[in-house]
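Structure data (compact mmCIF, C-alpha atoms) from input_8.txt:
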```
# COMPACT_ATOMS: atom_id res chain seq x y z
CA MET U 39 88.95 -41.07 56.93
CA PRO U 40 92.53 -41.83 55.83
CA ALA U 41 94.37 -39.07 53.98
CA HIS U 42 95.54 -41.37 51.19
CA CYS U 43 94.31 -44.41 49.31
CA ASP U 44 96.34 -47.42 50.48
CA GLY U 45 96.02 -48.99 47.03
CA CYS U 46 97.54 -46.23 44.90
CA GLY U 47 98.81 -43.59 47.34
CA ARG U 48 96.78 -40.75 45.88
CA PRO U 49 95.00 -38.34 48.24
CA SER U 50 91.62 -39.66 49.33
CA ALA U 51 89.95 -36.74 47.60
CA GLU U 52 91.24 -38.12 44.30
CA CYS U 53 90.78 -41.83 44.97
CA GLY U 54 88.04 -43.28 47.13
CA GLY U 55 89.84 -46.63 47.45
CA CYS U 56 91.01 -48.70 44.51
CA ARG U 57 92.68 -51.60 46.29
CA TRP U 58 91.58 -55.01 44.99
CA GLU U 59 90.34 -57.30 47.73
CA TYR U 60 93.33 -59.61 47.24
CA ASP U 61 95.97 -56.87 47.35
CA PRO U 62 97.64 -55.89 50.63
CA PRO U 63 97.96 -52.17 51.35
CA ARG U 64 100.81 -50.73 49.29
CA PHE U 65 100.81 -47.07 50.35
CA CYS U 66 100.69 -45.43 53.75
CA PRO U 67 97.17 -44.14 54.43
CA GLU U 68 98.66 -41.24 56.39
CA CYS U 69 101.34 -39.92 54.03
CA GLY U 70 100.93 -41.86 50.77
CA LEU U 71 104.48 -43.20 50.80
CA ARG U 72 105.15 -46.66 49.42
CA LEU U 73 105.11 -49.33 52.14
CA ALA U 74 107.51 -52.19 52.77
CA VAL U 75 105.17 -55.21 52.64
CA VAL U 76 105.80 -58.78 53.73
CA VAL U 77 103.22 -61.32 52.55
CA THR U 78 103.28 -64.70 54.28
CA PRO U 79 101.03 -67.71 53.62
CA VAL U 80 98.46 -66.62 56.20
CA GLY U 81 99.09 -62.95 56.75
CA HIS U 82 100.78 -59.77 55.68
CA ARG U 83 102.35 -56.80 57.38
CA GLU U 84 103.25 -53.35 56.21
CA ARG U 85 105.66 -50.71 57.42
CA CYS U 86 105.93 -47.05 56.49
CA LYS U 87 109.38 -45.58 56.91
CA VAL U 88 107.78 -42.47 58.45
CA HIS U 89 104.79 -43.86 60.36
CA GLY U 90 106.00 -47.34 61.27
CA PRO U 91 103.95 -50.52 61.10
CA LEU U 92 100.34 -50.38 59.93
CA PRO U 93 97.71 -51.91 62.20
CA VAL U 94 97.32 -55.64 61.58
CA ASP U 95 94.72 -56.40 58.93
CA PRO U 96 92.75 -59.57 59.80
CA ARG U 97 93.00 -60.77 56.16
CA MET J 772 63.73 -47.50 24.26
CA THR J 773 62.78 -51.15 23.84
CA ASP J 774 61.06 -53.57 26.16
CA THR J 775 63.62 -56.33 25.53
CA ILE J 776 66.44 -57.05 27.94
CA GLN J 777 69.73 -55.75 26.58
CA PRO J 778 73.08 -57.18 27.63
CA VAL J 779 75.19 -54.70 29.52
CA SER J 780 78.94 -55.08 29.81
CA ILE J 781 80.16 -54.80 33.38
CA GLY J 782 83.23 -55.80 35.38
CA ARG J 783 86.60 -56.95 34.13
CA LYS J 784 87.63 -57.05 30.53
CA GLN J 785 87.58 -60.63 29.28
CA ALA J 786 90.25 -61.92 26.92
CA ALA J 787 89.40 -63.06 23.44
CA THR J 788 91.91 -65.85 22.82
CA ALA J 789 93.35 -65.96 19.30
CA TRP J 790 92.31 -69.20 17.60
CA SER J 791 94.04 -70.25 14.37
CA ARG J 792 91.42 -72.82 13.36
CA PRO J 793 87.70 -73.30 13.97
CA HIS J 794 86.32 -75.24 16.90
CA LEU J 795 85.37 -78.86 16.36
CA SER J 796 81.70 -79.67 15.84
CA ALA J 797 79.89 -81.19 18.81
CA GLU J 798 80.14 -84.64 17.25
CA GLU J 799 83.83 -84.24 16.42
CA ALA J 800 84.42 -83.12 19.99
CA ARG J 801 82.66 -86.18 21.40
CA THR J 802 84.77 -88.41 19.18
CA ALA J 803 88.02 -86.66 20.18
CA ILE J 804 87.22 -86.83 23.89
CA ARG J 805 86.25 -90.50 23.66
CA ALA J 806 89.45 -91.32 21.79
CA ALA J 807 91.54 -89.46 24.38
CA GLY J 808 89.84 -91.45 27.13
CA VAL J 809 90.71 -94.73 25.43
CA ALA J 810 94.33 -93.64 24.95
CA LEU J 811 94.89 -92.39 28.50
CA LEU J 812 92.71 -94.77 30.52
CA ASP J 813 92.73 -98.02 28.56
CA GLU J 814 95.96 -97.94 26.58
CA ARG J 815 97.82 -95.82 29.18
CA ARG J 816 99.64 -93.95 26.45
CA PRO J 817 100.32 -90.22 26.27
CA LEU J 818 98.40 -88.20 23.72
CA THR J 819 100.07 -86.91 20.58
CA SER J 820 100.40 -83.18 19.93
CA ASP J 821 97.71 -83.45 17.23
CA GLU J 822 95.30 -85.16 19.63
CA LEU J 823 95.90 -82.42 22.20
CA ALA J 824 95.32 -79.74 19.56
CA ASP J 825 91.94 -81.31 18.76
CA LEU J 826 90.99 -81.33 22.45
CA ALA J 827 91.97 -77.68 22.80
CA HIS J 828 89.50 -76.87 20.04
CA VAL J 829 86.35 -78.47 21.42
CA PRO J 830 83.43 -76.05 21.51
CA ASP J 831 82.55 -74.30 24.78
CA ALA J 832 79.62 -76.65 25.33
CA SER J 833 82.04 -79.60 25.38
CA VAL J 834 84.41 -78.11 27.96
CA PRO J 835 82.62 -79.78 30.90
CA SER J 836 83.00 -83.17 29.16
CA LEU J 837 86.67 -82.41 28.58
CA ALA J 838 87.05 -81.46 32.24
CA ALA J 839 85.31 -84.66 33.35
CA LEU J 840 87.78 -86.75 31.36
CA ALA J 841 90.71 -84.75 32.77
CA HIS J 842 89.46 -85.46 36.30
CA GLU J 843 89.12 -89.15 35.55
CA VAL J 844 92.63 -89.20 34.09
CA ARG J 845 94.01 -87.41 37.13
CA LEU J 846 92.41 -90.00 39.44
CA ALA J 847 93.66 -92.90 37.31
CA TRP J 848 97.23 -91.61 36.98
CA CYS J 849 97.76 -89.74 40.27
CA GLY J 850 95.09 -90.88 42.71
CA ASP J 851 92.77 -88.68 44.74
CA THR J 852 95.37 -87.01 46.97
CA VAL J 853 95.84 -83.25 46.78
CA GLU J 854 99.20 -81.71 47.61
CA VAL J 855 99.05 -78.45 49.52
CA GLU J 856 101.93 -75.98 49.47
CA GLY J 857 102.68 -72.62 51.01
CA ILE J 858 104.97 -70.09 49.34
CA LEU J 859 106.91 -67.14 50.66
CA SER J 860 108.61 -64.28 48.89
CA ALA J 861 111.72 -64.24 51.07
CA LYS J 862 113.37 -61.49 49.04
CA THR J 863 110.94 -59.19 47.29
CA GLY J 864 111.31 -56.76 44.40
CA GLY J 865 114.38 -55.18 42.88
CA CYS J 866 114.76 -57.95 40.31
CA PRO J 867 116.94 -56.97 37.33
CA GLU J 868 114.91 -59.07 34.89
CA ASP J 869 112.06 -57.53 32.90
CA CYS J 870 109.38 -60.23 32.95
CA HIS J 871 106.49 -58.09 31.72
CA PHE J 872 103.92 -59.65 34.04
CA CYS J 873 105.90 -59.17 37.23
CA SER J 874 105.48 -56.42 39.79
CA GLN J 875 108.87 -57.28 41.30
CA SER J 876 110.94 -56.16 38.31
CA SER J 877 113.06 -53.08 38.88
CA ALA J 878 112.42 -52.21 35.22
CA PHE J 879 108.87 -51.07 36.02
CA ASP J 880 107.38 -48.52 38.37
CA THR J 881 105.05 -50.70 40.42
CA PRO J 882 103.65 -50.37 43.95
CA VAL J 883 105.89 -53.18 45.19
CA LYS J 884 108.77 -51.83 47.23
CA ALA J 885 111.95 -53.90 47.32
CA THR J 886 112.64 -55.59 50.64
CA PRO J 887 115.79 -57.57 51.55
CA PHE J 888 116.08 -61.26 52.37
CA LEU J 889 113.91 -61.92 55.42
CA ASP J 890 115.51 -63.03 58.68
CA THR J 891 115.71 -66.73 59.36
CA ASP J 892 113.10 -66.46 62.12
CA GLU J 893 110.63 -64.84 59.74
CA VAL J 894 111.11 -67.51 57.09
CA VAL J 895 110.78 -70.30 59.64
CA ALA J 896 107.64 -68.70 61.09
CA ALA J 897 106.08 -68.65 57.61
CA ALA J 898 106.98 -72.32 57.16
CA GLU J 899 105.37 -73.11 60.50
CA GLU J 900 102.22 -71.28 59.37
CA THR J 901 102.23 -73.45 56.27
CA ALA J 902 102.72 -76.69 58.20
CA ALA J 903 99.83 -75.79 60.51
CA LEU J 904 97.53 -75.78 57.48
CA GLY J 905 98.34 -79.41 56.70
CA ALA J 906 100.68 -78.63 53.82
CA SER J 907 103.56 -80.90 52.84
CA GLU J 908 105.61 -78.43 50.81
CA PHE J 909 107.01 -74.96 51.47
CA CYS J 910 108.68 -72.91 48.76
CA ILE J 911 111.17 -70.13 49.42
CA VAL J 912 110.99 -67.69 46.52
CA LEU J 913 113.52 -64.98 45.73
CA ALA J 914 113.17 -62.19 43.19
CA VAL J 915 116.58 -62.52 41.56
CA ARG J 916 118.06 -63.35 38.17
CA GLY J 917 119.94 -66.14 39.89
CA PRO J 918 121.43 -66.72 43.33
CA ASP J 919 124.74 -65.08 44.25
CA GLU J 920 126.99 -66.70 46.83
CA ARG J 921 125.40 -64.85 49.76
CA ILE J 922 121.94 -66.02 48.72
CA MET J 923 123.18 -69.56 48.15
CA ARG J 924 124.52 -69.67 51.69
CA ARG J 925 121.28 -68.34 53.16
CA ILE J 926 119.24 -70.90 51.25
CA LEU J 927 121.53 -73.74 52.27
CA ASP J 928 121.28 -72.59 55.89
CA LEU J 929 117.49 -72.34 55.77
CA VAL J 930 116.59 -75.63 54.09
CA PRO J 931 117.64 -78.00 56.89
CA ILE J 932 116.31 -75.69 59.60
CA ILE J 933 112.86 -75.59 58.00
CA GLY J 934 112.89 -79.32 57.38
CA ASP J 935 113.85 -80.07 60.97
CA ARG J 936 111.42 -77.61 62.56
CA THR J 937 108.37 -78.34 60.42
CA GLY J 938 108.82 -81.68 58.65
CA LEU J 939 107.93 -79.96 55.39
CA ASN J 940 109.60 -80.68 52.09
CA VAL J 941 111.43 -77.52 51.11
CA ALA J 942 111.31 -76.13 47.60
CA VAL J 943 113.28 -73.17 46.30
CA SER J 944 112.78 -70.70 43.47
CA ALA J 945 115.84 -68.53 42.94
CA GLY J 946 116.11 -68.05 39.21
CA ILE J 947 118.74 -69.23 36.78
CA LEU J 948 121.27 -71.74 38.15
CA ASP J 949 124.73 -72.78 37.07
CA PRO J 950 125.75 -76.45 37.33
CA ASP J 951 127.62 -76.00 40.61
CA GLN J 952 124.68 -74.19 42.23
CA ALA J 953 122.28 -76.92 41.12
CA ARG J 954 124.53 -79.58 42.60
CA ARG J 955 124.89 -77.71 45.91
CA LEU J 956 121.16 -77.15 46.25
CA ALA J 957 120.44 -80.81 45.57
CA GLU J 958 123.07 -81.89 48.10
CA GLY J 959 121.69 -79.34 50.54
CA GLY J 960 118.33 -81.05 50.66
CA VAL J 961 116.23 -78.97 48.29
CA HIS J 962 113.35 -81.26 47.42
CA ARG J 963 111.95 -79.38 44.46
CA TYR J 964 113.26 -76.44 42.47
CA ASN J 965 110.85 -74.07 40.76
CA HIS J 966 111.77 -72.56 37.44
CA ASN J 967 108.88 -71.66 35.17
CA LEU J 968 108.87 -71.67 31.40
CA GLU J 969 105.86 -69.32 31.71
CA THR J 970 105.01 -69.28 28.00
CA ALA J 971 105.86 -70.68 24.60
CA ARG J 972 109.29 -70.25 23.12
CA SER J 973 107.79 -68.33 20.20
CA TYR J 974 106.05 -65.85 22.54
CA PHE J 975 108.81 -65.52 25.13
CA PRO J 976 110.47 -62.45 23.50
CA GLU J 977 107.19 -60.57 24.03
CA VAL J 978 107.38 -61.37 27.73
CA VAL J 979 111.07 -61.19 28.69
CA THR J 980 113.99 -59.48 26.97
CA THR J 981 116.69 -59.79 29.63
CA HIS J 982 117.28 -63.52 29.28
CA GLU J 983 116.66 -66.25 26.76
CA TYR J 984 114.20 -69.11 26.76
CA ASP J 985 117.06 -71.55 26.52
CA GLU J 986 118.52 -70.23 29.76
CA ARG J 987 115.30 -71.32 31.43
CA VAL J 988 115.33 -74.70 29.72
CA ASP J 989 118.98 -75.18 30.74
CA THR J 990 118.15 -74.53 34.40
CA CYS J 991 115.24 -76.97 34.20
CA ARG J 992 117.58 -79.63 32.86
CA LEU J 993 120.14 -78.96 35.61
CA VAL J 994 117.43 -79.43 38.22
CA VAL J 995 116.44 -82.81 36.83
CA ASP J 996 120.03 -83.92 36.19
CA ASN J 997 120.94 -83.20 39.81
CA GLY J 998 118.08 -85.24 41.19
CA MET J 999 115.79 -82.48 42.42
CA GLU J 1000 112.15 -82.56 41.42
CA LEU J 1001 111.46 -79.96 38.77
CA CYS J 1002 108.57 -77.58 39.35
CA CYS J 1003 108.01 -75.79 36.06
CA GLY J 1004 105.01 -73.54 35.76
CA VAL J 1005 103.03 -71.72 33.12
CA LEU J 1006 101.36 -68.34 33.06
CA LEU J 1007 98.39 -68.14 30.72
CA GLY J 1008 96.66 -64.98 29.58
CA MET J 1009 99.62 -62.83 28.57
CA GLY J 1010 98.41 -62.47 24.98
CA GLU J 1011 99.65 -65.80 23.64
CA THR J 1012 97.63 -67.66 21.03
CA VAL J 1013 96.02 -71.06 21.37
CA ASP J 1014 98.75 -72.54 19.19
CA GLN J 1015 101.35 -71.05 21.54
CA ARG J 1016 99.67 -72.62 24.55
CA LEU J 1017 99.91 -75.95 22.78
CA GLU J 1018 103.54 -75.21 21.93
CA LEU J 1019 104.18 -74.53 25.62
CA LEU J 1020 102.57 -77.84 26.53
CA ASP J 1021 104.93 -79.60 24.13
CA GLU J 1022 107.92 -77.78 25.66
CA LEU J 1023 106.84 -78.91 29.11
CA ARG J 1024 106.52 -82.50 27.99
CA GLU J 1025 110.09 -82.18 26.75
CA VAL J 1026 111.58 -80.92 30.05
CA GLY J 1027 109.69 -83.47 32.16
CA PRO J 1028 108.59 -81.63 35.30
CA ALA J 1029 107.33 -83.34 38.43
CA GLU J 1030 105.03 -80.39 39.06
CA VAL J 1031 103.39 -77.78 36.86
CA PRO J 1032 101.86 -74.78 38.62
CA MET J 1033 99.12 -73.23 36.50
CA ASN J 1034 99.13 -69.47 36.85
CA PHE J 1035 96.67 -67.13 35.19
CA LEU J 1036 97.69 -63.55 34.60
CA LYS J 1037 96.59 -61.16 37.29
CA PRO J 1038 97.52 -57.86 35.66
CA MET J 1039 99.85 -55.88 37.90
CA VAL J 1040 99.75 -52.10 38.06
CA GLY J 1041 102.81 -50.52 36.46
CA THR J 1042 103.85 -53.56 34.42
CA PRO J 1043 103.60 -53.69 30.62
CA PHE J 1044 100.82 -56.28 30.98
CA ALA J 1045 98.76 -54.17 33.39
CA GLY J 1046 96.04 -53.69 30.78
CA ARG J 1047 95.78 -57.29 29.63
CA PRO J 1048 92.28 -58.75 29.95
CA ALA J 1049 91.50 -61.66 32.23
CA VAL J 1050 91.37 -65.23 31.00
CA GLU J 1051 87.69 -66.19 30.96
CA ALA J 1052 86.71 -68.73 33.59
CA LEU J 1053 85.55 -71.34 31.08
CA GLU J 1054 88.79 -70.89 29.12
CA ALA J 1055 90.76 -71.47 32.30
CA ILE J 1056 88.86 -74.72 32.87
CA ARG J 1057 89.48 -75.76 29.25
CA TRP J 1058 93.23 -75.22 29.64
CA ILE J 1059 93.50 -76.89 33.03
CA ALA J 1060 91.89 -79.92 31.41
CA VAL J 1061 94.10 -79.79 28.30
CA PHE J 1062 97.25 -79.52 30.43
CA ARG J 1063 96.15 -82.48 32.56
CA LEU J 1064 95.44 -84.55 29.46
CA GLY J 1065 98.83 -83.61 28.04
CA LEU J 1066 100.66 -84.23 31.32
CA PRO J 1067 98.70 -87.08 32.89
CA SER J 1068 101.16 -87.93 35.67
CA VAL J 1069 102.31 -84.47 36.82
CA ILE J 1070 101.37 -82.65 39.97
CA LEU J 1071 99.18 -79.96 38.40
CA ARG J 1072 98.92 -77.13 40.88
CA TYR J 1073 96.44 -74.31 41.19
CA ALA J 1074 98.64 -71.23 41.50
CA GLY J 1075 98.52 -67.46 41.05
CA GLY J 1076 95.58 -65.68 39.51
CA ARG J 1077 93.00 -68.37 40.17
CA GLU J 1078 90.94 -66.05 42.35
CA PHE J 1079 91.02 -63.40 39.64
CA THR J 1080 90.20 -65.75 36.78
CA LEU J 1081 87.95 -68.40 38.27
CA GLY J 1082 86.19 -66.51 41.03
CA ASP J 1083 83.60 -68.89 42.48
CA LEU J 1084 84.52 -71.77 40.14
CA GLN J 1085 87.44 -72.99 42.27
CA ALA J 1086 85.86 -76.41 42.86
CA MET J 1087 85.34 -76.89 39.14
CA GLY J 1088 89.08 -76.55 38.56
CA MET J 1089 89.68 -79.18 41.22
CA THR J 1090 87.52 -81.58 39.20
CA SER J 1091 89.15 -80.65 35.87
CA GLY J 1092 92.58 -82.13 36.47
CA ILE J 1093 94.13 -80.11 39.30
CA ASN J 1094 95.65 -82.18 42.12
CA ALA J 1095 97.60 -79.62 44.12
CA LEU J 1096 97.19 -76.05 45.28
CA ILE J 1097 99.01 -73.14 46.77
CA ILE J 1098 97.24 -72.41 50.00
CA GLY J 1099 96.90 -68.96 51.49
CA ASN J 1100 98.70 -65.98 50.06
CA TYR J 1101 100.94 -65.67 47.03
CA LEU J 1102 104.19 -63.77 46.72
CA THR J 1103 102.94 -60.20 46.58
CA TYR J 1104 99.17 -60.50 46.85
CA LEU J 1105 96.66 -62.42 48.87
CA GLY J 1106 94.86 -65.66 48.18
CA ARG J 1107 91.58 -67.20 49.23
CA SER J 1108 91.20 -67.93 52.88
CA PRO J 1109 92.93 -71.25 53.70
CA ALA J 1110 89.79 -72.33 55.55
CA ASP J 1111 87.76 -71.97 52.34
CA ASP J 1112 90.22 -74.06 50.36
CA LEU J 1113 90.44 -76.74 53.04
CA LYS J 1114 86.64 -76.90 53.22
CA MET J 1115 86.48 -77.18 49.44
CA LEU J 1116 88.83 -80.18 49.52
CA ASP J 1117 86.84 -81.74 52.34
CA ASP J 1118 83.56 -81.18 50.47
CA LEU J 1119 85.07 -82.81 47.39
CA ARG J 1120 86.37 -85.72 49.53
CA MET J 1121 89.90 -85.11 48.34
CA PRO J 1122 92.47 -86.12 50.96
CA ILE J 1123 95.54 -83.96 51.53
CA GLY J 1124 99.01 -85.46 51.29
CA ALA J 1125 102.40 -85.34 49.66
CA LEU J 1126 102.76 -86.35 46.03
CA SER J 1127 105.75 -87.59 44.11
CA PRO J 1128 106.17 -88.12 40.40
CA VAL J 1129 104.98 -91.42 39.01
CA ILE J 1130 107.96 -93.56 38.02
```
If you took the structure in this file and wrote it as C-alpha cells, what would it be?
Amino acid sequence: MPAHCDGCGRPSAECGGCRWEYDPPRFCPECGLRLAVVVTPVGHRERCKVHGPLPVDPR
Amino acid sequence: MTDTIQPVSIGRKQAATAWSRPHLSAEEARTAIRAAGVALLDERRPLTSDELADLAHVPDASVPSLAALAHEVRLAWCGDTVEVEGILSAKTGGCPEDCHFCSQSSAFDTPVKATPFLDTDEVVAAAEETAALGASEFCIVLAVRGPDERIMRRILDLVPIIGDRTGLNVAVSAGILDPDQARRLAEGGVHRYNHNLETARSYFPEVVTTHEYDERVDTCRLVVDNGMELCCGVLLGMGETVDQRLELLDELREVGPAEVPMNFLKPMVGTPFAGRPAVEALEAIRWIAVFRLGLPSVILRYAGGREFTLGDLQAMGMTSGINALIIGNYLTYLGRSPADDLKMLDDLRMPIGALSPVI
C-alpha cells in the first residue's frame, strides 16, 4: 500500500484515496511531495524530484 | 419509519441557477421554439436577444425540443462534420493572473506544480498523438498573462514544425496580446488563436481581478483584425445568473468568433471556486442548445468539464448543437478515452473533418 494518497499527498492512514478518476496523480505516493505532471492528449507522466518518474499509468 | 420510498441526496452538489423570471409555460415554449425554427431555418436570420432569452426560459420538459432544434440548426448552418482537436499545456502553472476557476494560478495553493515550457520534441510528439486520432487542429496552450519575447520565439518556431510534421492546423492560447504580437503570430502561421471571454462582463470582477474584461475583448479584436480565426470560449457554472449567461452570449455575438469552446466548471482544489456546485446535466444541454441557437454558424466545441457535468449524456450534447470536441485529455486533467469519443461520433454517423467559419 502506498504511503501517501496521490490525490492530496496526505498519509494513507488519513486519506484512503481521493483522486477523481479524471485527475492524474498530483503527489508522490512514496513521500507525498507535489509532482511535476505533464498531461498530453493521450497520456500523462509524473516525476517526483526525490523518487523520479512514476510508473506509467495506462490512462 | 414509513413504507414509502424517500429521496436520498447522494453524489455531487448540483447548482441551482439563479433565474430572474419564471419559466415559460409549455405552450409558450412550443411557440417560442417554433418561431426560432422559422427564423433560423426558413428566414436564415439570427435571433434577437429577446428571442434567445425566451428560449433560455423554456421549462425543463421542453429542453429536449430545444436541443432538437439546435441540432437541426447546426446541420443546416454548419453541416454534419465534427471538428476534432487536441490541446496541450506546453507551459503549466505559475500564472500571475487570478482567474478563480484555474488551478494554474500562482495566487492559489493548488496541487498543480509549475513546469517550464516543454521541449520542442515533447510538443511535437503530443501533436503527433493528436494527428493519429484523426484530429485537424492542435492547440498549444501556455499559462501566462501574455507572451514575452522568449515565448513568442518558441511559439513561432513550433508552429511551422508542427504543421510540417503533422499536417495539423495549429492554434495557440497564450493570453493577452499586443498588436505587434498578434501580427507576428498571424504571419507565423497561427491558424486560430484562443482567448476566452469566460463569463459576462457584469460577472467578470467576481472571477478575475488582475485584468479587465476589455483587455480580453481587445485581444479578441486583434486576433480577428490580423486574420487569425478567433476561438473564444465560455465557462459556465461559476455562479453567474441566467441573465449573465445571456449577456455573455450577446458579448460573443459582438466579438464574432469562429469557434466557441463550451466549458463547464470542474471545481479545482485550492481555487476560490473549489466549492462551487456542478452544472446539472439538463442545464448543460439547455445552454449548449441556447448557445447554438444564438451562434448558428460557429464551431461550438465540447471542452473542459463535460465529463464532470454531463457524465453519460455526451451523445445528447452532440445532438444539441455541438459540432466539435476536444479529444483526449485537457490541460491539467484527463478526458474521456479517445476511443469512446470516436465511437460515439461513428455511432451518431457524424464524420470527422476540419471546419471553417461560414462566410
Find, counting all atoms listed in the file, the residue in J:Ile1059, J:Val979, J:Met1009, J:Val844 that gets nearest to Thr788 of chain J.
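For Thr788 of chain J, the nearest of the candidates is J:Met1009.
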For the contact check between chain U and chain J, emit one row per residue of chain U within 10 Å, containing the shortest atom pair and the distance in Å rounded to one decimal, counting all atoms listed in the file, chain then rising number order, as JSON lines.
```
{"residue": "U:Gly45", "atom": "CA", "partner": "J:Pro882", "partner_atom": "CA", "distance": 8.3}
{"residue": "U:Cys46", "atom": "CA", "partner": "J:Pro882", "partner_atom": "CA", "distance": 7.4}
{"residue": "U:Gly47", "atom": "CA", "partner": "J:Pro882", "partner_atom": "CA", "distance": 9.0}
{"residue": "U:Trp58", "atom": "CA", "partner": "J:Tyr1104", "partner_atom": "CA", "distance": 9.6}
{"residue": "U:Glu59", "atom": "CA", "partner": "J:Leu1105", "partner_atom": "CA", "distance": 8.2}
{"residue": "U:Tyr60", "atom": "CA", "partner": "J:Leu1105", "partner_atom": "CA", "distance": 4.7}
{"residue": "U:Asp61", "atom": "CA", "partner": "J:Tyr1104", "partner_atom": "CA", "distance": 4.9}
{"residue": "U:Pro62", "atom": "CA", "partner": "J:Tyr1104", "partner_atom": "CA", "distance": 6.2}
{"residue": "U:Pro63", "atom": "CA", "partner": "J:Pro882", "partner_atom": "CA", "distance": 9.5}
{"residue": "U:Arg64", "atom": "CA", "partner": "J:Pro882", "partner_atom": "CA", "distance": 6.1}
{"residue": "U:Phe65", "atom": "CA", "partner": "J:Pro882", "partner_atom": "CA", "distance": 7.7}
{"residue": "U:Leu71", "atom": "CA", "partner": "J:Pro882", "partner_atom": "CA", "distance": 10.0}
{"residue": "U:Arg72", "atom": "CA", "partner": "J:Lys884", "partner_atom": "CA", "distance": 6.7}
{"residue": "U:Leu73", "atom": "CA", "partner": "J:Lys884", "partner_atom": "CA", "distance": 6.6}
{"residue": "U:Ala74", "atom": "CA", "partner": "J:Lys884", "partner_atom": "CA", "distance": 5.7}
{"residue": "U:Val75", "atom": "CA", "partner": "J:Lys884", "partner_atom": "CA", "distance": 7.3}
{"residue": "U:Val76", "atom": "CA", "partner": "J:Thr1103", "partner_atom": "CA", "distance": 7.8}
{"residue": "U:Val77", "atom": "CA", "partner": "J:Thr1103", "partner_atom": "CA", "distance": 6.1}
{"residue": "U:Thr78", "atom": "CA", "partner": "J:Leu859", "partner_atom": "CA", "distance": 5.7}
{"residue": "U:Pro79", "atom": "CA", "partner": "J:Asn1100", "partner_atom": "CA", "distance": 4.6}
{"residue": "U:Val80", "atom": "CA", "partner": "J:Gly1099", "partner_atom": "CA", "distance": 5.5}
{"residue": "U:Gly81", "atom": "CA", "partner": "J:Asn1100", "partner_atom": "CA", "distance": 7.4}
{"residue": "U:His82", "atom": "CA", "partner": "J:Leu1105", "partner_atom": "CA", "distance": 8.4}
{"residue": "U:Arg97", "atom": "CA", "partner": "J:Ser1108", "partner_atom": "CA", "distance": 8.1}
```
How would the residues just picked look written out with C-alpha atoms as a PDB file, in the frame of the given file?
```pdb
ATOM      1  CA  GLY U  45      96.020 -48.990  47.030  1.00  0.00           C
ATOM      2  CA  CYS U  46      97.540 -46.230  44.900  1.00  0.00           C
ATOM      3  CA  GLY U  47      98.810 -43.590  47.340  1.00  0.00           C
ATOM      4  CA  TRP U  58      91.580 -55.010  44.990  1.00  0.00           C
ATOM      5  CA  GLU U  59      90.340 -57.300  47.730  1.00  0.00           C
ATOM      6  CA  TYR U  60      93.330 -59.610  47.240  1.00  0.00           C
ATOM      7  CA  ASP U  61      95.970 -56.870  47.350  1.00  0.00           C
ATOM      8  CA  PRO U  62      97.640 -55.890  50.630  1.00  0.00           C
ATOM      9  CA  PRO U  63      97.960 -52.170  51.350  1.00  0.00           C
ATOM     10  CA  ARG U  64     100.810 -50.730  49.290  1.00  0.00           C
ATOM     11  CA  PHE U  65     100.810 -47.070  50.350  1.00  0.00           C
ATOM     12  CA  LEU U  71     104.480 -43.200  50.800  1.00  0.00           C
ATOM     13  CA  ARG U  72     105.150 -46.660  49.420  1.00  0.00           C
ATOM     14  CA  LEU U  73     105.110 -49.330  52.140  1.00  0.00           C
ATOM     15  CA  ALA U  74     107.510 -52.190  52.770  1.00  0.00           C
ATOM     16  CA  VAL U  75     105.170 -55.210  52.640  1.00  0.00           C
ATOM     17  CA  VAL U  76     105.800 -58.780  53.730  1.00  0.00           C
ATOM     18  CA  VAL U  77     103.220 -61.320  52.550  1.00  0.00           C
ATOM     19  CA  THR U  78     103.280 -64.700  54.280  1.00  0.00           C
ATOM     20  CA  PRO U  79     101.030 -67.710  53.620  1.00  0.00           C
ATOM     21  CA  VAL U  80      98.460 -66.620  56.200  1.00  0.00           C
ATOM     22  CA  GLY U  81      99.090 -62.950  56.750  1.00  0.00           C
ATOM     23  CA  HIS U  82     100.780 -59.770  55.680  1.00  0.00           C
ATOM     24  CA  ARG U  97      93.000 -60.770  56.160  1.00  0.00           C
TER      25      ARG U  97
END
```
What does the distance between atom CA of Pro1048 of chain J and atom CA of Leu1023 of chain J come to in Å, to one decimal place?
24.9 Å
What separation in Å, quoted to one decimal, exists between atom CA of Ser1127 of chain J and atom CA of Ile1070 of chain J?
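Between atom CA of Ser1127 of chain J and atom CA of Ile1070 of chain J the gap works out to 7.8 Å.
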Hey, can you check how far atom CA of Ala827 of chain J sits from atom CA of Leu1126 of chain J?
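Interatomic distance, atom CA of Ala827 of chain J to atom CA of Leu1126 of chain J: 27.0 Å.
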Spatial neighbours of segment 791-808 of chain J, 12 Å, all atoms listed in the file, chain gap at least 5 places, as an MDAnalysis selection string
chainID J and resid 813:845 847 1011:1017 1060:1061 1063:1065 1067
Given all atoms listed in the file as the basis, pick out the residue of J:Asp989, J:Asp935, J:Glu1000, J:Glu1018 nearest to Ser973 of chain J.
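Using all atoms listed in the file, the shortest distance to Ser973 of chain J belongs to J:Glu1018.
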Would you list the contacts of Leu939 of chain J as a PyMOL selection string, taking every protein, DNA or RNA residue within 6 Å and counting all atoms listed in the file, but skipping same-chain residues closer than 5 positions in sequence?
chain J and resi 907-908+934
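Using only C-alpha atoms, the nearest neighbour of Pro93 of chain U within the list U:Pro67, U:Cys43, U:Arg57, U:Pro49 is U:Pro67.
Using all atoms listed in the file, the protein and nucleic acid residues lying no more than 9 Å from Asp949 of chain J, apart from those fewer than 2 places from it along its own chain, are Gly917, Ile947, Asp951, Gln952, Ala953, Arg954, Asp989, Thr990 and Leu993 of chain J.
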Point out the residue among U:Val94, U:Cys69, U:Arg85, U:Met39 with the least atom-to-atom distance to Gly55 of chain U, counting all atoms listed in the file.
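Of the candidates, the smallest distance to Gly55 of chain U is held by U:Met39.
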Across J:Asp1111, J:Asp880, J:Gly938, J:Leu846, the smallest distance to Ala1125 of chain J, with only C-alpha atoms counted, is shown by J:Gly938
Out of J:Asn965, J:Gly864, J:Thr1042, J:Phe1062, which residue has the shortest atom-to-atom distance to Val978 of chain J when counting all atoms listed in the file?
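Closest residue, counting all atoms listed in the file: J:Thr1042.
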Give, as JSON, the centre coordinates and the x, y and z edge lengths in Å to one decimal for an axis-aligned box around all listed atoms of segment 42-61 of chain U, padded by 5 Å on each side.
```
{"center_x": 93.4, "center_y": -48.2, "center_z": 47.7, "size_x": 20.8, "size_y": 32.9, "size_z": 16.9}
```
